[in-house]
Amino acid sequence: MDRRQLLRRSALAMSAFAFSRDSFAEAMAGMPVSQSAPGPQIRLGSNENPHGPSPMARAAMMEAVAISNRYQWDMNGVLRERIAGLTGHTKEHITLGAGSSELLGLACLWATRGKGNLVASEPTFKLWMPAARRMGMATKLVPLTTTKHNDLQRIMDTIDADTRMVYLCNPNNPTGTTATKTDMETFVQKLGPDRVLLLDEAYTEYYDSPSMSHLVDKYPNLIIAKTFSKVYGMAGARVGYALAQPGTIKQMNEFQAWANAGPSAVSMVGAMAAMKDLDFVGLVKQQNKLAKDVLYKAFDKAGIPYIPSVTSFVYFDNKPYAKRIPELLAGANIIGARSFEQDSTWLRLSIGTVPEMQQVASLL
Ligand SMILES: Cc1ncc(COP(=O)(O)O)c(C=O)c1O
């Protein structure tokens with residue numbers, strides 16, 4: 001592909017992303033099912049961290065407002081270096097995005113340049129997929145196993161000669177299930193060097209089995225997407241990154257719309273502070289676990305089946321319960337229980353604070 005074609009394709013991709021951004025924002029803004037109850041809303045629909053940003057990130061961002069009149073070009077390199085320090089890589093292994101969803105789109109655009117299809121689970125995190133479809137890329141979706149895990153074998157069997165990329169969300173959103181490290185490595189290995197594995201690790205910090213980042217130098221086809229939106233509590237600040245071999249990062253960056261795009265200086269300063277605030281991360285994990293236990297107990301008591309989750313959300317089956325849980329919760333201004341599978345009674349609810357989950361429990 002020559003440079004003009006590449007730029008045309010990038011521009012097209014960007015307009016696809018921009019379109020989906022506007023329509024997505026409108027859809028999410030309209031998400032509350034009901035506003036009938038008085039008082040503040042409890043938002044349990046987007047796996048946001050109810051505790052964040054961390055005190056250190058808050059203070060750093062407030063201070064950084066003073067320098068936000070200037071372009072902070074050097075900060076991009078500094079943040080990439082700090083992240084590389086976390087994962088034991090170099091800054092050339094890292095590219096930043098305004099949230100990891102931007103980079104999921106970018107990786108997909110790069111991996112499927114020319115033509116081809118991508119394979120992913122159903123349901124999974126699909127926010128970036130409409131853009132891929134508008135770019136003319138076929139998407140082959142593979143059902144989860146009966147235990148709601150990514151079906152690695154079936155995904156492998158679905159790959160054909162045109163497959164350029166496999167997207168795996170591990171742990172998976174919306175189900176909160178995870179594959180073992182060994183199964184994941186076997187999967188990358190079997191995929192071979194000609195197909196990209198885009199591994200979305202938005203939630204690995206919530207549990208104790210770490211990221212697969214140590215495999216990046218071994219497998220040139222592995223791209224890992226990570227975010228500051230979840231355990232670090234910075235969803236609105238928009239900072240994410242992709243980790244891959246330097247050659248891949250360099251090629252992916254060719255598809256970025258503009259050098260100045262990406263996270264703001266204020267957000268990057270916040271991310272650097274957030275990485276240092278280990279006490280806050282510890283607190284978030286501990287509170288998430290306690291709040292999840294409150295929900296599990298309420299589900300057990302009400303006879304509602306659920307999948308034990310390693311993340312900050314829980315997938316459950318409304319079927320045996322007499323009332324529709326989204327409406328029941330929305331009546332008390334608790335919004336966000338929603339469906340991710342067609343004609344299914346399974347729903348996802350994000351984990352809020354312990355008192356918020358106690359409110360959910362008392363309603364159930
Ligand atoms: C699995 C997964 N990946 C990526 C994202 C997007 O995160 P970001 O805010 O970094 O764009 C989310 C957000 O909910 C997610 O659940």
# chains A, B, ... in the order shown; residues from 1 in each chain; ligands from 1
>>> residues_near_ligand(ligand="ligand 1", cutoff="6 Å", atoms="only C-alpha atoms and all ligand atoms", output="list in words")
Ser46, Asn47, Gly99, Ser100, Ser101, Phe125, Cys169, Asn173, Asp200, Ala202, Thr227, Ser229, Ala235, Arg238 and Gly240 of chain A
>>> select_by_dssp(residues="range 281-360 of chain A", states="strand (DSSP E or B)", output="PyMOL selection string")
chain A and resi 306-307+313-317+334-335+338-339+346-350
>>> closest_residue(among="A:Pro308, A:Pro193, A:Gly85, A:Pro210", to="Ala111 in chain A", atoms="only C-alpha atoms")
A:Pro193
>>> residues_around(residues="Ala120 in chain A", least_positions_apart="2", cutoff="10 Å", atoms="only C-alpha atoms", output="PDB file with all heavy atoms, in the first residue's frame")
ATOM      1  N   LEU A 118     -11.589 -10.718  10.796  1.00  0.00           N
ATOM      2  CA  LEU A 118     -11.132 -10.875  12.168  1.00  0.00           C
ATOM      3  C   LEU A 118     -12.094 -11.800  12.905  1.00  0.00           C
ATOM      4  O   LEU A 118     -13.280 -11.844  12.596  1.00  0.00           O
ATOM      5  CB  LEU A 118     -10.997  -9.524  12.858  1.00  0.00           C
ATOM      6  CG  LEU A 118     -12.221  -8.674  13.101  1.00  0.00           C
ATOM      7  CD1 LEU A 118     -12.761  -8.922  14.495  1.00  0.00           C
ATOM      8  CD2 LEU A 118     -11.866  -7.216  12.922  1.00  0.00           C
ATOM      9  N   GLU A 122     -18.332 -14.054  20.982  1.00  0.00           N
ATOM     10  CA  GLU A 122     -19.633 -13.407  21.098  1.00  0.00           C
ATOM     11  C   GLU A 122     -20.331 -13.969  22.331  1.00  0.00           C
ATOM     12  O   GLU A 122     -20.550 -15.176  22.390  1.00  0.00           O
ATOM     13  CB  GLU A 122     -20.449 -13.682  19.830  1.00  0.00           C
ATOM     14  CG  GLU A 122     -21.907 -13.353  19.918  1.00  0.00           C
ATOM     15  CD  GLU A 122     -22.186 -11.855  19.874  1.00  0.00           C
ATOM     16  OE1 GLU A 122     -21.283 -11.050  20.178  1.00  0.00           O
ATOM     17  OE2 GLU A 122     -23.314 -11.508  19.549  1.00  0.00           O
ATOM     18  N   PRO A 123     -20.600 -13.180  23.374  1.00  0.00           N
ATOM     19  CA  PRO A 123     -20.344 -11.752  23.450  1.00  0.00           C
ATOM     20  C   PRO A 123     -18.937 -11.452  23.952  1.00  0.00           C
ATOM     21  O   PRO A 123     -18.348 -12.238  24.686  1.00  0.00           O
ATOM     22  CB  PRO A 123     -21.371 -11.294  24.483  1.00  0.00           C
ATOM     23  CG  PRO A 123     -21.507 -12.452  25.409  1.00  0.00           C
ATOM     24  CD  PRO A 123     -21.327 -13.677  24.558  1.00  0.00           C
ATOM     25  N   THR A 124     -18.443 -10.281  23.538  1.00  0.00           N
ATOM     26  CA  THR A 124     -17.175  -9.765  24.055  1.00  0.00           C
ATOM     27  C   THR A 124     -17.255  -8.248  23.992  1.00  0.00           C
ATOM     28  O   THR A 124     -18.329  -7.696  23.712  1.00  0.00           O
ATOM     29  CB  THR A 124     -15.979 -10.342  23.272  1.00  0.00           C
ATOM     30  OG1 THR A 124     -14.785 -10.051  23.986  1.00  0.00           O
ATOM     31  CG2 THR A 124     -15.867  -9.780  21.868  1.00  0.00           C
ATOM     32  N   PHE A 125     -16.139  -7.572  24.229  1.00  0.00           N
ATOM     33  CA  PHE A 125     -16.131  -6.108  24.156  1.00  0.00           C
ATOM     34  C   PHE A 125     -16.060  -5.708  22.679  1.00  0.00           C
ATOM     35  O   PHE A 125     -15.048  -5.916  22.022  1.00  0.00           O
ATOM     36  CB  PHE A 125     -14.917  -5.573  24.920  1.00  0.00           C
ATOM     37  CG  PHE A 125     -14.844  -4.081  24.937  1.00  0.00           C
ATOM     38  CD1 PHE A 125     -15.733  -3.335  25.682  1.00  0.00           C
ATOM     39  CD2 PHE A 125     -13.880  -3.414  24.199  1.00  0.00           C
ATOM     40  CE1 PHE A 125     -15.666  -1.950  25.705  1.00  0.00           C
ATOM     41  CE2 PHE A 125     -13.802  -2.036  24.213  1.00  0.00           C
ATOM     42  CZ  PHE A 125     -14.694  -1.305  24.961  1.00  0.00           C
ATOM     43  N   LYS A 126     -17.172  -5.132  22.158  1.00  0.00           N
ATOM     44  CA  LYS A 126     -17.254  -4.953  20.708  1.00  0.00           C
ATOM     45  C   LYS A 126     -17.364  -3.493  20.271  1.00  0.00           C
ATOM     46  O   LYS A 126     -17.651  -3.226  19.114  1.00  0.00           O
ATOM     47  CB  LYS A 126     -18.476  -5.717  20.175  1.00  0.00           C
ATOM     48  CG  LYS A 126     -18.326  -7.217  20.322  1.00  0.00           C
ATOM     49  CD  LYS A 126     -19.335  -7.966  19.494  1.00  0.00           C
ATOM     50  CE  LYS A 126     -20.725  -7.800  20.035  1.00  0.00           C
ATOM     51  NZ  LYS A 126     -21.708  -8.669  19.408  1.00  0.00           N
ATOM     52  N   MET A 129     -15.756  -2.616  17.053  1.00  0.00           N
ATOM     53  CA  MET A 129     -15.971  -3.458  15.866  1.00  0.00           C
ATOM     54  C   MET A 129     -16.768  -2.809  14.732  1.00  0.00           C
ATOM     55  O   MET A 129     -16.502  -3.099  13.570  1.00  0.00           O
ATOM     56  CB  MET A 129     -16.613  -4.779  16.260  1.00  0.00           C
ATOM     57  CG  MET A 129     -15.619  -5.752  16.838  1.00  0.00           C
ATOM     58  SD  MET A 129     -16.408  -7.341  17.099  1.00  0.00           S
ATOM     59  CE  MET A 129     -15.255  -8.077  18.239  1.00  0.00           C
ATOM     60  N   THR A 139     -16.328  -9.779  10.168  1.00  0.00           N
ATOM     61  CA  THR A 139     -16.075 -10.180  11.544  1.00  0.00           C
ATOM     62  C   THR A 139     -16.730 -11.532  11.771  1.00  0.00           C
ATOM     63  O   THR A 139     -17.920 -11.692  11.513  1.00  0.00           O
ATOM     64  CB  THR A 139     -16.693  -9.147  12.529  1.00  0.00           C
ATOM     65  OG1 THR A 139     -16.276  -7.855  12.131  1.00  0.00           O
ATOM     66  CG2 THR A 139     -16.265  -9.414  13.946  1.00  0.00           C
ATOM     67  N   LYS A 140     -15.943 -12.495  12.202  1.00  0.00           N
ATOM     68  CA  LYS A 140     -16.504 -13.822  12.471  1.00  0.00           C
ATOM     69  C   LYS A 140     -16.590 -13.995  13.975  1.00  0.00           C
ATOM     70  O   LYS A 140     -15.554 -13.954  14.661  1.00  0.00           O
ATOM     71  CB  LYS A 140     -15.607 -14.899  11.850  1.00  0.00           C
ATOM     72  CG  LYS A 140     -15.503 -14.756  10.325  1.00  0.00           C
ATOM     73  CD  LYS A 140     -14.486 -15.708   9.753  1.00  0.00           C
ATOM     74  CE  LYS A 140     -15.149 -16.980   9.287  1.00  0.00           C
ATOM     75  NZ  LYS A 140     -14.198 -17.942   8.720  1.00  0.00           N
ATOM     76  N   LEU A 141     -17.816 -14.136  14.468  1.00  0.00           N
ATOM     77  CA  LEU A 141     -18.011 -14.215  15.916  1.00  0.00           C
ATOM     78  C   LEU A 141     -18.260 -15.649  16.356  1.00  0.00           C
ATOM     79  O   LEU A 141     -19.015 -16.384  15.715  1.00  0.00           O
ATOM     80  CB  LEU A 141     -19.173 -13.313  16.340  1.00  0.00           C
ATOM     81  CG  LEU A 141     -18.943 -11.810  16.078  1.00  0.00           C
ATOM     82  CD1 LEU A 141     -20.169 -11.000  16.442  1.00  0.00           C
ATOM     83  CD2 LEU A 141     -17.721 -11.287  16.813  1.00  0.00           C
ATOM     84  N   VAL A 142     -17.616 -16.021  17.435  1.00  0.00           N
ATOM     85  CA  VAL A 142     -17.658 -17.402  17.920  1.00  0.00           C
ATOM     86  C   VAL A 142     -18.322 -17.432  19.296  1.00  0.00           C
ATOM     87  O   VAL A 142     -17.876 -16.711  20.198  1.00  0.00           O
ATOM     88  CB  VAL A 142     -16.210 -17.949  18.034  1.00  0.00           C
ATOM     89  CG1 VAL A 142     -16.195 -19.355  18.594  1.00  0.00           C
ATOM     90  CG2 VAL A 142     -15.512 -17.892  16.679  1.00  0.00           C
ATOM     91  N   PRO A 143     -19.371 -18.249  19.473  1.00  0.00           N
ATOM     92  CA  PRO A 143     -20.038 -18.285  20.787  1.00  0.00           C
ATOM     93  C   PRO A 143     -19.094 -18.718  21.905  1.00  0.00           C
ATOM     94  O   PRO A 143     -18.114 -19.439  21.660  1.00  0.00           O
ATOM     95  CB  PRO A 143     -21.137 -19.333  20.605  1.00  0.00           C
ATOM     96  CG  PRO A 143     -21.196 -19.628  19.164  1.00  0.00           C
ATOM     97  CD  PRO A 143     -19.931 -19.185  18.514  1.00  0.00           C
ATOM     98  N   LEU A 144     -19.417 -18.292  23.107  1.00  0.00           N
ATOM     99  CA  LEU A 144     -18.641 -18.713  24.277  1.00  0.00           C
ATOM    100  C   LEU A 144     -18.964 -20.175  24.597  1.00  0.00           C
ATOM    101  O   LEU A 144     -19.946 -20.727  24.087  1.00  0.00           O
ATOM    102  CB  LEU A 144     -19.021 -17.846  25.487  1.00  0.00           C
ATOM    103  CG  LEU A 144     -18.798 -16.338  25.350  1.00  0.00           C
ATOM    104  CD1 LEU A 144     -19.293 -15.614  26.604  1.00  0.00           C
ATOM    105  CD2 LEU A 144     -17.336 -16.013  25.109  1.00  0.00           C
ATOM    106  N   ASN A 150     -14.174 -17.768  26.815  1.00  0.00           N
ATOM    107  CA  ASN A 150     -13.780 -17.710  25.408  1.00  0.00           C
ATOM    108  C   ASN A 150     -13.480 -19.131  24.950  1.00  0.00           C
ATOM    109  O   ASN A 150     -12.739 -19.860  25.621  1.00  0.00           O
ATOM    110  CB  ASN A 150     -12.503 -16.867  25.241  1.00  0.00           C
ATOM    111  CG  ASN A 150     -12.771 -15.385  25.416  1.00  0.00           C
ATOM    112  OD1 ASN A 150     -13.758 -14.857  24.901  1.00  0.00           O
ATOM    113  ND2 ASN A 150     -11.897 -14.704  26.136  1.00  0.00           N
ATOM    114  N   ASP A 151     -14.053 -19.535  23.825  1.00  0.00           N
ATOM    115  CA  ASP A 151     -13.861 -20.901  23.339  1.00  0.00           C
ATOM    116  C   ASP A 151     -12.637 -20.930  22.422  1.00  0.00           C
ATOM    117  O   ASP A 151     -12.738 -20.800  21.191  1.00  0.00           O
ATOM    118  CB  ASP A 151     -15.128 -21.350  22.583  1.00  0.00           C
ATOM    119  CG  ASP A 151     -15.143 -22.851  22.356  1.00  0.00           C
ATOM    120  OD1 ASP A 151     -14.043 -23.447  22.348  1.00  0.00           O
ATOM    121  OD2 ASP A 151     -16.234 -23.410  22.190  1.00  0.00           O
ATOM    122  N   LEU A 152     -11.468 -21.090  23.037  1.00  0.00           N
ATOM    123  CA  LEU A 152     -10.211 -20.952  22.287  1.00  0.00           C
ATOM    124  C   LEU A 152     -10.106 -21.964  21.141  1.00  0.00           C
ATOM    125  O   LEU A 152      -9.624 -21.640  20.055  1.00  0.00           O
ATOM    126  CB  LEU A 152      -9.015 -21.085  23.233  1.00  0.00           C
ATOM    127  CG  LEU A 152      -8.938 -20.016  24.337  1.00  0.00           C
ATOM    128  CD1 LEU A 152      -7.695 -20.223  25.210  1.00  0.00           C
ATOM    129  CD2 LEU A 152      -8.933 -18.612  23.764  1.00  0.00           C
ATOM    130  N   ILE A 155     -12.488 -20.916  18.348  1.00  0.00           N
ATOM    131  CA  ILE A 155     -11.943 -19.722  17.680  1.00  0.00           C
ATOM    132  C   ILE A 155     -10.855 -20.161  16.699  1.00  0.00           C
ATOM    133  O   ILE A 155     -10.830 -19.754  15.545  1.00  0.00           O
ATOM    134  CB  ILE A 155     -11.391 -18.719  18.717  1.00  0.00           C
ATOM    135  CG1 ILE A 155     -12.551 -18.084  19.494  1.00  0.00           C
ATOM    136  CG2 ILE A 155     -10.540 -17.639  18.050  1.00  0.00           C
ATOM    137  CD1 ILE A 155     -12.151 -17.168  20.624  1.00  0.00           C
ATOM    138  N   THR A 158     -12.223 -21.606  13.656  1.00  0.00           N
ATOM    139  CA  THR A 158     -12.960 -20.660  12.811  1.00  0.00           C
ATOM    140  C   THR A 158     -12.022 -19.859  11.895  1.00  0.00           C
ATOM    141  O   THR A 158     -12.447 -19.287  10.895  1.00  0.00           O
ATOM    142  CB  THR A 158     -13.777 -19.693  13.715  1.00  0.00           C
ATOM    143  OG1 THR A 158     -14.597 -20.501  14.553  1.00  0.00           O
ATOM    144  CG2 THR A 158     -14.649 -18.752  12.927  1.00  0.00           C
ATOM    145  N   ILE A 159     -10.760 -19.835  12.265  1.00  0.00           N
ATOM    146  CA  ILE A 159      -9.783 -19.090  11.472  1.00  0.00           C
ATOM    147  C   ILE A 159      -9.688 -19.691  10.070  1.00  0.00           C
ATOM    148  O   ILE A 159      -9.674 -20.910   9.919  1.00  0.00           O
ATOM    149  CB  ILE A 159      -8.410 -19.147  12.188  1.00  0.00           C
ATOM    150  CG1 ILE A 159      -8.491 -18.327  13.464  1.00  0.00           C
ATOM    151  CG2 ILE A 159      -7.279 -18.679  11.291  1.00  0.00           C
ATOM    152  CD1 ILE A 159      -7.322 -18.523  14.394  1.00  0.00           C
ATOM    153  N   MET A 165      -6.649 -11.295  11.963  1.00  0.00           N
ATOM    154  CA  MET A 165      -6.527 -10.949  13.383  1.00  0.00           C
ATOM    155  C   MET A 165      -7.539 -11.713  14.235  1.00  0.00           C
ATOM    156  O   MET A 165      -8.646 -11.970  13.788  1.00  0.00           O
ATOM    157  CB  MET A 165      -6.782  -9.444  13.547  1.00  0.00           C
ATOM    158  CG  MET A 165      -6.584  -8.940  14.946  1.00  0.00           C
ATOM    159  SD  MET A 165      -6.868  -7.160  15.071  1.00  0.00           S
ATOM    160  CE  MET A 165      -8.451  -7.163  15.852  1.00  0.00           C
ATOM    161  N   VAL A 166      -7.119 -12.075  15.436  1.00  0.00           N
ATOM    162  CA  VAL A 166      -8.053 -12.609  16.429  1.00  0.00           C
ATOM    163  C   VAL A 166      -8.057 -11.627  17.597  1.00  0.00           C
ATOM    164  O   VAL A 166      -6.993 -11.184  18.046  1.00  0.00           O
ATOM    165  CB  VAL A 166      -7.618 -14.006  16.930  1.00  0.00           C
ATOM    166  CG1 VAL A 166      -8.510 -14.469  18.078  1.00  0.00           C
ATOM    167  CG2 VAL A 166      -7.643 -15.014  15.791  1.00  0.00           C
ATOM    168  N   TYR A 167      -9.253 -11.262  18.039  1.00  0.00           N
ATOM    169  CA  TYR A 167      -9.368 -10.395  19.213  1.00  0.00           C
ATOM    170  C   TYR A 167      -9.812 -11.238  20.385  1.00  0.00           C
ATOM    171  O   TYR A 167     -10.821 -11.950  20.294  1.00  0.00           O
ATOM    172  CB  TYR A 167     -10.389  -9.280  18.943  1.00  0.00           C
ATOM    173  CG  TYR A 167     -10.793  -8.518  20.190  1.00  0.00           C
ATOM    174  CD1 TYR A 167      -9.970  -7.523  20.713  1.00  0.00           C
ATOM    175  CD2 TYR A 167     -11.984  -8.792  20.852  1.00  0.00           C
ATOM    176  CE1 TYR A 167     -10.322  -6.825  21.858  1.00  0.00           C
ATOM    177  CE2 TYR A 167     -12.348  -8.096  22.003  1.00  0.00           C
ATOM    178  CZ  TYR A 167     -11.512  -7.111  22.500  1.00  0.00           C
ATOM    179  OH  TYR A 167     -11.868  -6.424  23.635  1.00  0.00           O
ATOM    180  N   LEU A 168      -9.043 -11.181  21.460  1.00  0.00           N
ATOM    181  CA  LEU A 168      -9.440 -11.900  22.679  1.00  0.00           C
ATOM    182  C   LEU A 168      -9.427 -10.934  23.842  1.00  0.00           C
ATOM    183  O   LEU A 168      -8.432 -10.230  24.059  1.00  0.00           O
ATOM    184  CB  LEU A 168      -8.441 -13.010  22.987  1.00  0.00           C
ATOM    185  CG  LEU A 168      -8.654 -14.371  22.362  1.00  0.00           C
ATOM    186  CD1 LEU A 168      -7.556 -15.324  22.846  1.00  0.00           C
ATOM    187  CD2 LEU A 168     -10.022 -14.952  22.712  1.00  0.00           C
ATOM    188  N   CYS A 169     -10.512 -10.904  24.554  1.00  0.00           N
ATOM    189  CA  CYS A 169     -10.602 -10.067  25.736  1.00  0.00           C
ATOM    190  C   CYS A 169     -10.426 -11.011  26.924  1.00  0.00           C
ATOM    191  O   CYS A 169     -11.251 -11.879  27.147  1.00  0.00           O
ATOM    192  CB  CYS A 169     -11.979  -9.406  25.730  1.00  0.00           C
ATOM    193  SG  CYS A 169     -12.204  -8.190  27.005  1.00  0.00           S
ATOM    194  N   LEU A 198      -4.794  -9.746  19.065  1.00  0.00           N
ATOM    195  CA  LEU A 198      -5.019  -8.507  19.809  1.00  0.00           C
ATOM    196  C   LEU A 198      -5.639  -8.918  21.140  1.00  0.00           C
ATOM    197  O   LEU A 198      -6.782  -9.374  21.193  1.00  0.00           O
ATOM    198  CB  LEU A 198      -5.950  -7.580  19.020  1.00  0.00           C
ATOM    199  CG  LEU A 198      -6.353  -6.277  19.714  1.00  0.00           C
ATOM    200  CD1 LEU A 198      -5.145  -5.451  20.143  1.00  0.00           C
ATOM    201  CD2 LEU A 198      -7.243  -5.441  18.787  1.00  0.00           C
TER     202      LEU A 198
END
>>> atom_distance(atom1="CA of Ser344 in chain A", atom2="CA of Asp317 in chain A")
8.5 Å
>>> select_by_dssp(residues="range 144-228 of chain A", states="alpha helix (DSSP H)", output="list in words")
Leu152, Gln153, Arg154, Ile155, Met156, Asp157, Thr158, Lys181, Thr182, Asp183, Met184, Glu185, Thr186, Phe187, Val188, Gln189, Lys190 and Leu191 of chain A
